[in-house]
>>> print(open('my_file-v4.pdb').read())   # PDB, C-alpha atoms
ATOM      1  CA  MET A 232       1.786 106.464 -55.880
ATOM      2  CA  ASP A 233       0.282 107.588 -52.598
ATOM      3  CA  ILE A 234       0.059 104.625 -50.186
ATOM      4  CA  SER A 235      -3.519 105.479 -49.152
ATOM      5  CA  LEU A 236      -4.589 105.551 -52.819
ATOM      6  CA  LEU A 237      -2.962 102.153 -53.373
ATOM      7  CA  ILE A 238      -4.794 100.709 -50.367
ATOM      8  CA  ASN A 239      -8.103 102.113 -51.649
ATOM      9  CA  ILE A 240      -7.522 100.560 -55.067
ATOM     10  CA  MET A 241      -6.798  97.206 -53.429
ATOM     11  CA  LEU A 242      -9.949  97.447 -51.308
ATOM     12  CA  TYR A 243     -12.073  98.271 -54.346
ATOM     13  CA  GLY A 244     -10.529  95.284 -56.088
ATOM     14  CA  VAL A 245     -11.458  92.983 -53.208
ATOM     15  CA  ILE A 246     -15.009  94.372 -53.170
ATOM     16  CA  ALA A 247     -15.320  93.835 -56.930
ATOM     17  CA  VAL A 248     -14.215  90.217 -56.592
ATOM     18  CA  MET A 249     -16.708  89.681 -53.758
ATOM     19  CA  ILE A 250     -19.545  91.109 -55.848
ATOM     20  CA  VAL A 251     -18.662  88.855 -58.770
ATOM     21  CA  ASN A 252     -18.574  85.814 -56.461
ATOM     22  CA  ILE A 253     -21.976  86.723 -54.993
ATOM     23  CA  VAL A 254     -23.480  87.004 -58.478
ATOM     24  CA  ILE A 255     -21.973  83.673 -59.535
ATOM     25  CA  THR A 256     -23.180  81.944 -56.351
ATOM     26  CA  SER A 257     -26.686  83.378 -56.786
ATOM     27  CA  LYS A 258     -26.867  82.092 -60.365
ATOM     28  CA  SER A 259     -25.599  78.670 -59.301
ATOM     29  CA  GLN A 260     -28.209  78.381 -56.531
ATOM     30  CA  LYS A 261     -30.957  79.306 -58.986
ATOM     31  CA  LYS A 262     -29.812  76.603 -61.387
ATOM     32  CA  ARG A 263     -29.697  73.999 -58.647
ATOM     33  CA  LYS A 264     -33.211  74.920 -57.544
ATOM     34  CA  GLY A 265     -34.244  74.255 -61.134
ATOM     35  CA  LEU A 266     -32.902  70.715 -60.786
ATOM     36  CA  ILE A 267     -34.944  70.198 -57.618
ATOM     37  CA  GLU A 268     -38.047  71.405 -59.444
ATOM     38  CA  LEU A 269     -37.224  68.955 -62.232
ATOM     39  CA  VAL A 270     -37.168  66.032 -59.795
ATOM     40  CA  ASN A 271     -40.528  67.099 -58.409
ATOM     41  CA  THR A 272     -42.118  66.719 -61.852
ATOM     42  CA  ILE A 273     -41.022  63.087 -62.272
ATOM     43  CA  LYS A 274     -44.532  61.622 -62.207
ATOM     44  CA  ASP A 275     -45.589  63.794 -65.152
ATOM     45  CA  GLN A 276     -43.561  62.119 -67.887
ATOM     46  CA  ASP A 277     -44.035  64.737 -70.627
ATOM     47  CA  LEU A 278     -43.408  67.683 -68.302
ATOM     48  CA  PHE A 279     -40.324  66.032 -66.798
ATOM     49  CA  PHE A 280     -38.584  65.447 -70.124
ATOM     50  CA  GLU A 281     -39.643  68.869 -71.408
ATOM     51  CA  LYS A 282     -38.090  70.584 -68.371
ATOM     52  CA  ALA A 283     -34.983  68.387 -68.560
ATOM     53  CA  ASP A 284     -34.436  69.388 -72.196
ATOM     54  CA  GLU A 285     -34.911  73.061 -71.296
ATOM     55  CA  ILE A 286     -32.327  72.879 -68.512
ATOM     56  CA  MET A 287     -29.790  71.111 -70.711
ATOM     57  CA  GLU A 288     -30.324  73.568 -73.561
ATOM     58  CA  ALA A 289     -29.930  76.552 -71.221
ATOM     59  CA  ASN A 290     -26.733  75.240 -69.618
ATOM     60  CA  GLN A 291     -24.558  74.228 -72.535
ATOM     61  CA  ASP A 292     -21.847  76.491 -71.112
ATOM     62  CA  ASP A 293     -22.121  75.063 -67.566
ATOM     63  CA  ALA A 294     -20.702  71.550 -67.683
ATOM     64  CA  GLU A 295     -21.595  70.726 -64.088
ATOM     65  CA  ILE A 296     -25.286  71.664 -64.276
ATOM     66  CA  LEU A 297     -25.542  70.202 -67.781
ATOM     67  CA  ASN A 298     -24.299  66.819 -66.615
ATOM     68  CA  LYS A 299     -26.386  66.854 -63.448
ATOM     69  CA  ALA A 300     -29.407  67.337 -65.714
ATOM     70  CA  ARG A 301     -28.201  64.521 -67.956
ATOM     71  CA  VAL A 302     -28.019  62.203 -64.949
ATOM     72  CA  LEU A 303     -31.551  63.154 -63.925
ATOM     73  CA  THR A 304     -32.711  62.549 -67.484
ATOM     74  CA  LEU A 305     -31.249  59.048 -67.358
ATOM     75  CA  TRP A 306     -33.019  58.493 -64.036
ATOM     76  CA  GLY A 307     -36.295  59.665 -65.622
ATOM     77  CA  ILE A 308     -35.789  57.293 -68.545
ATOM     78  CA  ALA A 309     -35.381  54.357 -66.156
ATOM     79  CA  TYR A 310     -38.269  55.560 -63.973
ATOM     80  CA  HIS A 311     -40.624  55.693 -66.960
ATOM     81  CA  LYS A 312     -39.104  52.585 -68.588
ATOM     82  CA  LYS A 313     -38.182  54.400 -71.794
ATOM     83  CA  TYR A 314     -35.258  52.047 -72.245
ATOM     84  CA  GLU A 315     -34.984  52.634 -75.984
ATOM     85  CA  ARG A 316     -33.446  56.005 -75.024
ATOM     86  CA  PHE A 317     -31.196  54.681 -72.286
ATOM     87  CA  GLU A 318     -27.872  54.060 -74.040
ATOM     88  CA  GLU A 319     -27.803  57.394 -75.847
ATOM     89  CA  ALA A 320     -28.541  59.261 -72.613
ATOM     90  CA  LEU A 321     -25.947  57.222 -70.704
ATOM     91  CA  ASN A 322     -23.246  57.893 -73.281
ATOM     92  CA  ALA A 323     -23.905  61.656 -73.115
ATOM     93  CA  ILE A 324     -23.001  61.879 -69.423
ATOM     94  CA  GLU A 325     -19.513  63.227 -68.678
ATOM     95  CA  LEU A 326     -18.748  61.950 -65.193
ATOM     96  CA  ASP A 327     -15.471  63.843 -64.927
ATOM     97  CA  LYS A 328     -17.405  67.127 -65.039
ATOM     98  CA  LEU A 329     -19.038  66.138 -61.733
ATOM     99  CA  ILE A 330     -15.739  65.472 -59.952
ATOM    100  CA  ALA A 331     -13.633  68.241 -58.437
ATOM    101  CA  VAL A 332     -10.088  68.094 -57.130
ATOM    102  CA  LYS A 333      -9.555  69.295 -53.571
ATOM    103  CA  LYS A 334      -6.190  69.080 -51.847
ATOM    104  CA  GLY A 335      -4.970  66.771 -54.576
ATOM    105  CA  ALA A 336      -7.807  64.262 -54.222
ATOM    106  CA  ALA A 337     -11.029  63.632 -56.130
ATOM    107  CA  SER A 338     -14.099  65.169 -54.476
ATOM    108  CA  ILE A 339     -17.799  64.703 -55.261
ATOM    109  CA  ASP A 340     -19.095  66.721 -52.315
ATOM    110  CA  MET A 341     -21.114  69.097 -54.509
ATOM    111  CA  ASN A 342     -22.488  66.327 -56.717
ATOM    112  CA  GLU A 343     -22.900  63.293 -54.494
ATOM    113  CA  ASP A 344     -26.613  63.259 -55.337
ATOM    114  CA  SER A 345     -25.734  62.618 -58.989
ATOM    115  CA  PHE A 346     -23.470  59.747 -58.034
ATOM    116  CA  PHE A 347     -26.255  58.304 -55.875
ATOM    117  CA  TYR A 348     -28.376  58.040 -59.015
ATOM    118  CA  MET A 349     -25.542  56.588 -61.086
ATOM    119  CA  TYR A 350     -24.262  54.115 -58.508
ATOM    120  CA  LEU A 351     -27.486  53.090 -56.745
ATOM    121  CA  GLY A 352     -30.762  54.655 -57.888
ATOM    122  CA  ILE A 353     -30.689  53.851 -61.603
ATOM    123  CA  PRO A 354     -29.080  50.376 -61.246
ATOM    124  CA  ASN A 355     -31.884  49.464 -58.836
ATOM    125  CA  PHE A 356     -34.436  50.239 -61.549
ATOM    126  CA  LEU A 357     -32.467  48.108 -64.007
ATOM    127  CA  TYR A 358     -32.262  45.205 -61.560
ATOM    128  CA  THR A 359     -36.003  45.427 -60.832
ATOM    129  CA  ASP A 360     -36.848  45.454 -64.543
ATOM    130  CA  GLN A 361     -34.251  42.755 -65.266
ATOM    131  CA  LYS A 362     -32.440  44.955 -67.764
ATOM    132  CA  MET A 363     -29.122  43.350 -66.936
ATOM    133  CA  ASP A 364     -27.598  44.239 -70.305
ATOM    134  CA  LEU A 365     -28.110  47.922 -69.482
ATOM    135  CA  TYR A 366     -27.024  47.249 -65.908
ATOM    136  CA  GLN A 367     -23.689  46.041 -67.297
ATOM    137  CA  LYS A 368     -23.383  49.176 -69.424
ATOM    138  CA  MET A 369     -23.892  51.250 -66.264
ATOM    139  CA  GLU A 370     -21.137  49.286 -64.558
ATOM    140  CA  ASP A 371     -18.831  49.879 -67.540
ATOM    141  CA  LYS A 372     -19.597  53.613 -67.387
ATOM    142  CA  MET A 373     -18.815  53.849 -63.673
ATOM    143  CA  GLN A 374     -15.620  51.865 -64.139
ATOM    144  CA  SER A 375     -14.148  54.924 -65.871
ATOM    145  CA  VAL A 376     -14.024  56.752 -62.504
ATOM    146  CA  ASP A 377     -13.559  53.703 -60.274
ATOM    147  CA  GLU A 378      -9.996  54.423 -59.162
ATOM    148  CA  GLU A 379     -10.675  58.126 -58.590
ATOM    149  CA  LEU A 380     -13.633  57.466 -56.315
ATOM    150  CA  LYS A 381     -12.178  54.738 -54.120
ATOM    151  CA  GLY A 382     -13.126  55.429 -50.527
ATOM    152  CA  GLN A 383     -16.392  57.188 -51.396
ATOM    153  CA  LEU A 384     -19.113  55.448 -49.405
ATOM    154  CA  VAL A 385     -21.606  55.560 -52.271
ATOM    155  CA  ARG A 386     -19.130  53.650 -54.477
ATOM    156  CA  GLU A 387     -18.469  51.040 -51.808
ATOM    157  CA  ILE A 388     -22.190  50.437 -51.220
ATOM    158  CA  ALA A 389     -22.669  50.016 -54.962
ATOM    159  CA  LYS A 390     -19.922  47.383 -55.076
ATOM    160  CA  GLU A 391     -21.600  45.404 -52.295
ATOM    161  CA  THR A 392     -25.106  45.864 -53.700
ATOM    162  CA  ASP A 393     -23.800  44.450 -56.974
ATOM    163  CA  LYS A 394     -22.949  41.276 -55.056
ATOM    164  CA  TYR A 395     -26.540  41.129 -53.874
ATOM    165  CA  TYR A 396     -27.960  41.528 -57.370
ATOM    166  CA  LYS A 397     -25.624  38.871 -58.784
ATOM    167  CA  ASN A 398     -25.930  36.562 -55.759
ATOM    168  CA  GLU A 399     -22.161  36.512 -55.243
ATOM    169  CA  ASP A 400     -20.096  35.820 -52.100
ATOM    170  CA  ASP A 401     -22.103  36.814 -48.992
ATOM    171  CA  ARG A 402     -24.233  39.191 -51.124
ATOM    172  CA  GLY A 403     -22.574  42.075 -49.274
ATOM    173  CA  LEU A 404     -23.911  41.199 -45.825
ATOM    174  CA  ALA A 405     -20.634  41.664 -43.912
ATOM    175  CA  PHE A 406     -20.288  45.169 -45.348
ATOM    176  CA  TYR A 407     -23.923  46.054 -44.627
ATOM    177  CA  GLU A 408     -23.516  45.002 -41.005
ATOM    178  CA  LYS A 409     -20.302  46.996 -40.746
ATOM    179  CA  VAL A 410     -22.092  50.171 -41.861
ATOM    180  CA  LEU A 411     -25.091  49.497 -39.618
ATOM    181  CA  ASP A 412     -22.716  49.064 -36.673
ATOM    182  CA  GLY A 413     -21.377  52.567 -37.360
ATOM    183  CA  ASN A 414     -17.990  51.439 -38.690
ATOM    184  CA  TYR A 415     -17.827  53.642 -41.773
ATOM    185  CA  GLY A 416     -15.550  56.435 -40.600
ATOM    186  CA  GLU A 417     -12.895  55.415 -43.127
ATOM    187  CA  TYR A 418     -15.145  56.437 -46.011
ATOM    188  CA  THR A 419     -16.015  59.849 -47.417
ATOM    189  CA  TYR A 420     -19.684  60.807 -47.634
ATOM    190  CA  SER A 421     -22.089  63.688 -47.233
ATOM    191  CA  LYS A 422     -23.854  63.951 -43.890
ATOM    192  CA  THR A 423     -27.071  64.707 -45.755
ATOM    193  CA  MET A 424     -26.883  61.283 -47.417
ATOM    194  CA  ILE A 425     -25.841  58.947 -44.612
ATOM    195  CA  GLY A 426     -29.390  58.212 -43.441
ATOM    196  CA  LEU A 427     -30.330  57.154 -46.963
ATOM    197  CA  TYR A 428     -27.226  54.966 -47.290
ATOM    198  CA  LYS A 429     -27.928  53.242 -43.973
ATOM    199  CA  SER A 430     -31.515  52.579 -44.992
ATOM    200  CA  ILE A 431     -30.366  50.944 -48.224
ATOM    201  CA  VAL A 432     -27.857  48.617 -46.561
ATOM    202  CA  ASN A 433     -30.406  47.847 -43.826
ATOM    203  CA  ALA A 434     -32.936  46.805 -46.481
ATOM    204  CA  ASN A 435     -30.426  44.580 -48.278
ATOM    205  CA  ALA A 436     -29.425  42.970 -44.982
ATOM    206  CA  ALA A 437     -33.077  42.441 -44.044
ATOM    207  CA  ARG A 438     -33.741  40.539 -47.266
ATOM    208  CA  ILE A 439     -30.735  38.301 -46.643
ATOM    209  CA  TYR A 440     -31.832  37.616 -43.060
ATOM    210  CA  LEU A 441     -35.263  36.571 -44.301
ATOM    211  CA  ASP A 442     -33.741  34.324 -46.942
ATOM    212  CA  ARG A 443     -31.589  32.682 -44.254
ATOM    213  CA  GLY A 444     -34.476  32.336 -41.830
ATOM    214  CA  ASP A 445     -32.739  34.547 -39.251
ATOM    215  CA  THR A 446     -35.914  36.015 -37.746
ATOM    216  CA  GLU A 447     -34.217  37.689 -34.788
ATOM    217  CA  LYS A 448     -31.808  39.700 -36.901
ATOM    218  CA  TYR A 449     -34.587  40.565 -39.344
ATOM    219  CA  GLN A 450     -36.689  42.003 -36.520
ATOM    220  CA  ASN A 451     -33.838  44.372 -35.691
ATOM    221  CA  THR A 452     -34.160  45.879 -39.193
ATOM    222  CA  VAL A 453     -37.933  46.432 -39.159
ATOM    223  CA  GLU A 454     -38.093  49.894 -37.579
ATOM    224  CA  MET A 455     -35.713  51.354 -40.141
ATOM    225  CA  LEU A 456     -37.542  49.516 -42.933
ATOM    226  CA  ARG A 457     -40.805  51.179 -41.889
ATOM    227  CA  ASP A 458     -39.193  54.623 -42.011
ATOM    228  CA  PHE A 459     -37.613  53.886 -45.384
ATOM    229  CA  ASP A 460     -40.930  52.719 -46.816
ATOM    230  CA  GLN A 461     -42.366  56.214 -46.309
ATOM    231  CA  SER A 462     -40.215  57.743 -49.070
ATOM    232  CA  GLY A 463     -40.405  57.284 -52.815
ATOM    233  CA  VAL A 464     -36.981  55.728 -53.195
ATOM    234  CA  GLY A 465     -37.493  53.592 -50.089
ATOM    235  CA  HIS A 466     -40.842  52.200 -51.164
ATOM    236  CA  ARG A 467     -39.432  51.251 -54.564
ATOM    237  CA  TRP A 468     -36.212  49.844 -53.097
ATOM    238  CA  LEU A 469     -38.132  47.575 -50.722
ATOM    239  CA  ALA A 470     -40.395  46.467 -53.570
ATOM    240  CA  SER A 471     -37.325  45.538 -55.648
ATOM    241  CA  LEU A 472     -36.260  43.234 -52.791
ATOM    242  CA  ASP A 473     -39.798  41.886 -52.344
ATOM    243  CA  LEU A 474     -39.902  43.290 -48.809
ATOM    244  CA  LYS A 475     -43.302  44.237 -47.420
ATOM    245  CA  VAL A 476     -43.358  45.823 -43.992
ATOM    246  CA  GLU A 477     -46.653  46.292 -42.179
ATOM    247  CA  GLU A 478     -47.054  49.517 -40.237
ATOM    248  CA  GLU A 479     -47.341  48.818 -36.526
ATOM    249  CA  GLN A 480     -49.991  50.982 -34.848
ATOM    250  CA  PRO A 481     -52.610  50.842 -32.086
ATOM    251  CA  GLU A 482     -56.089  49.924 -33.314
ATOM    252  CA  ASP A 483     -57.632  53.209 -32.127
ATOM    253  CA  GLU A 484     -55.159  55.372 -34.051
ATOM    254  CA  VAL A 485     -55.793  56.681 -37.523
ATOM    255  CA  GLU A 486     -53.379  55.294 -40.081
ATOM    256  CA  PRO A 487     -50.658  57.858 -40.817
ATOM    257  CA  SER A 488     -50.390  59.158 -44.347
ATOM    258  CA  SER A 489     -47.528  57.802 -46.408
ATOM    259  CA  ASP A 490     -44.984  60.141 -47.932
ATOM    260  CA  GLU A 491     -43.910  57.673 -50.585
ATOM    261  CA  ASN A 492     -44.827  60.133 -53.348
ATOM    262  CA  ASN A 493     -42.135  62.531 -52.141
ATOM    263  CA  GLU A 494     -39.203  62.592 -54.533
ATOM    264  CA  THR A 495     -37.001  65.255 -52.931
ATOM    265  CA  PHE A 496     -35.672  66.097 -49.517
ATOM    266  CA  GLN A 497     -35.458  69.419 -47.784
ATOM    267  CA  ILE A 498     -32.106  71.117 -48.212
ATOM    268  CA  THR A 499     -30.845  73.482 -45.552
ATOM    269  CA  GLU A 500     -28.489  76.289 -46.426
ATOM    270  CA  ASP A 501     -25.547  74.311 -45.043
ATOM    271  CA  SER A 502     -26.402  70.971 -46.626
ATOM    272  CA  ALA A 503     -26.933  72.599 -50.007
ATOM    273  CA  LYS A 504     -23.175  72.917 -50.166
ATOM    274  CA  GLN A 505     -22.930  69.126 -50.204
ATOM    275  CA  ALA A 506     -25.961  67.748 -52.069
ATOM    276  CA  ASP A 507     -28.807  69.010 -54.171
ATOM    277  CA  VAL A 508     -31.506  66.523 -55.145
ATOM    278  CA  VAL A 509     -32.081  62.869 -54.475
ATOM    279  CA  ASP A 510     -34.908  60.532 -55.325
ATOM    280  CA  ALA A 511     -36.066  60.423 -51.710
ATOM    281  CA  GLU A 512     -36.712  62.246 -48.515
ATOM    282  CA  VAL A 513     -33.565  61.260 -46.660
ATOM    283  CA  VAL A 514     -34.252  59.060 -43.674
ATOM    284  CA  LYS A 515     -33.710  60.776 -40.333
ATOM    285  CA  GLU A 516     -30.059  61.046 -39.459
ATOM    286  CA  GLU A 517     -30.354  61.049 -35.664
ATOM    287  CA  ASP A 518     -28.405  57.843 -35.029
ATOM    288  CA  LYS A 519     -28.143  56.370 -31.558
ATOM    289  CA  GLU A 520     -24.384  55.938 -31.855
ATOM    290  CA  GLN A 521     -22.080  58.862 -32.504
ATOM    291  CA  ASP A 522     -21.644  59.361 -36.204
ATOM    292  CA  PRO A 523     -18.010  58.650 -37.105
ATOM    293  CA  GLU A 524     -18.144  61.724 -39.289
ATOM    294  CA  GLU A 525     -18.373  63.830 -36.141
ATOM    295  CA  LYS A 526     -14.802  62.727 -35.499
ATOM    296  CA  LYS A 527     -13.530  63.928 -38.856
ATOM    297  CA  GLU A 528     -14.634  66.656 -41.227
ATOM    298  CA  ASP A 529     -16.601  65.847 -44.373
ATOM    299  CA  HIS A 530     -14.498  65.832 -47.539
ATOM    300  CA  GLU A 531     -11.357  67.195 -46.057
TER     301      GLU A 531
END
>>> encode(input="my_file-v4.pdb", output="structure tokens")
Amino acid sequence: MDISLLINIMLYGVIAVMIVNIVITSKSQKKRKGLIELVNTIKDQDLFFEKADEIMEANQDDAEILNKARVLTLWGIAYHKKYERFEEALNAIELDKLIAVKKGAASIDMNEDSFFYMYLGIPNFLYTDQKMDLYQKMEDKMQSVDEELKGQLVREIAKETDKYYKNEDDRGLAFYEKVLDGNYGEYTYSKTMIGLYKSIVNANAARIYLDRGDTEKYQNTVEMLRDFDQSGVGHRWLASLDLKVEEEQPEDEVEPSSDENNETFQITEDSAKQADVVDAEVVKEEDKEQDPEEKKEDHE
């Protein structure tokens, strides 16, 4: 065979593969946008569950999107307190379909938003509503991937938050302070999520400081609490801890509008590779100290 013909055939093959990959990526992005739209309908109970069912029905052959939708459905059930449906929805979730293997290690970089719901968002609803029997079932579910996900920051925060809920040990305070001091470089996490994680541990620490009467340390948490209170997940999280933060403003200024109804955060083209939808507008990530993640790549 003529060498030039062989090269042309190889080039056409490469082009064909590229076209297929572009089509697949385009379809995947469209599906993920559908999940974002689903989150944005959360306040309309009937519409939310209708859309969730449609997405699950349409993605029976896409295990990742199917299970992301199942997680969101479970979140919606907890949000709307439809707890009679909780166990069935929980049992339907296949966590392994949301975990990839990269360089021989478990990776959740494309689905960290789903694990936020499973590890933190939904358990917080259960704690607030004192559904501790269902809370235990959530713990049992997550135990099935516990070893695989060691070192994921979202898992570690969940472990420490569990101490808070159960009033065990120091209620997680030492860990919260470690994260707030910027000492979390040993863990794996998405850069799009770190602001949210810091706001959660800051809120838990603030509640503990108040309970201990440590006014000075509590005051150091207030600015971040105010920012957190402006998002849907933040407002609810603070309420679950019985934390009320007054907005500080000059008397002659008009009170700023709250964004606590916002249930999604803006996703840039780059961050979309790491996370899709979360029950919040992620708190600003511009930290004063250098982010440890700048020193090592996300999800190597």
>>> closest_atom_pairs(input="my_file-v4.pdb", of="region 385-467 of chain A", to="region 308-314 of chain A", cutoff="12 Å", atoms="only C-alpha atoms", output="Markdown table")
| residue | atom | partner | partner_atom | distance |
| --- | --- | --- | --- | --- |
| A:Gly463 | CA | A:Tyr310 | CA | 11.5 |
| A:Val464 | CA | A:Tyr310 | CA | 10.9 |
| A:Arg467 | CA | A:Tyr310 | CA | 10.4 |
>>> closest_residue(input="my_file-v4.pdb", among="A:Leu266, A:Ile330, A:Ile273, A:Leu278", to="Ala300 (chain A)", atoms="all atoms listed in the file")
A:Leu266
>>> atom_distance(input="my_file-v4.pdb", atom1="CA of Asn355 (chain A)", atom2="CA of Asn451 (chain A)")
23.8 Å
>>> resolve_selection(input="my_file-v4.pdb", expression="the PyMOL selection byres ((chain A and resi 269) around 12)", output="VMD selection string")
chain A and resid 262 to 268 270 to 287 299 to 304 306 to 307 494 to 495 507 to 510
>>> atom_distance(input="my_file-v4.pdb", atom1="CA of Gly426 (chain A)", atom2="CA of Glu325 (chain A)")
27.6 Å
>>> resolve_selection(input="my_file-v4.pdb", expression="the PyMOL selection byres ((chain A and resi 318) around 12)", output="PyMOL selection string")
chain A and resi 304-305+308-309+313-317+319-324+362+364-369+371-372
>>> closest_residue(input="my_file-v4.pdb", among="A:Tyr440, A:Tyr418, A:Phe459, A:Tyr396", to="Leu384 (chain A)", atoms="all atoms listed in the file")
A:Tyr418
>>> closest_residue(input="my_file-v4.pdb", among="A:Lys394, A:Arg386, A:Arg443, A:Lys448", to="Tyr428 (chain A)", atoms="only C-alpha atoms")
A:Arg386
>>> resolve_selection(input="my_file-v4.pdb", expression="the PyMOL selection byres ((chain A and resi 432) around 9)", output="compact mmCIF listing (two decimals) with C-alpha atoms, in the coordinates of the input")
# COMPACT_ATOMS: atom_id res chain seq x y z
CA ILE A 388 -22.19 50.44 -51.22
CA THR A 392 -25.11 45.86 -53.70
CA GLY A 403 -22.57 42.08 -49.27
CA LEU A 404 -23.91 41.20 -45.82
CA PHE A 406 -20.29 45.17 -45.35
CA TYR A 407 -23.92 46.05 -44.63
CA GLU A 408 -23.52 45.00 -41.00
CA VAL A 410 -22.09 50.17 -41.86
CA LEU A 411 -25.09 49.50 -39.62
CA LEU A 427 -30.33 57.15 -46.96
CA TYR A 428 -27.23 54.97 -47.29
CA LYS A 429 -27.93 53.24 -43.97
CA SER A 430 -31.52 52.58 -44.99
CA ILE A 431 -30.37 50.94 -48.22
CA ASN A 433 -30.41 47.85 -43.83
CA ALA A 434 -32.94 46.80 -46.48
CA ASN A 435 -30.43 44.58 -48.28
CA ALA A 436 -29.42 42.97 -44.98
CA ALA A 437 -33.08 42.44 -44.04
>>> atom_distance(input="my_file-v4.pdb", atom1="CA of Met424 (chain A)", atom2="CA of Ser462 (chain A)")
13.9 Å
>>> axis_aligned_box(input="my_file-v4.pdb", around="region 318-324 of chain A", padding_each_side="6 Å", output="AutoDock Vina command-line options")
--center_x -25.8 --center_y 58.0 --center_z -72.6 --size_x 17.5 --size_y 19.8 --size_z 18.4
>>> closest_residue(input="my_file-v4.pdb", among="A:Ser338, A:Glu447, A:Gln461, A:Asp473", to="Val376 (chain A)", atoms="only C-alpha atoms")
A:Ser338
>>> closest_residue(input="my_file-v4.pdb", among="A:Asp400, A:Asp360, A:Asp327, A:Glu288", to="Ala470 (chain A)", atoms="all atoms listed in the file")
A:Asp360
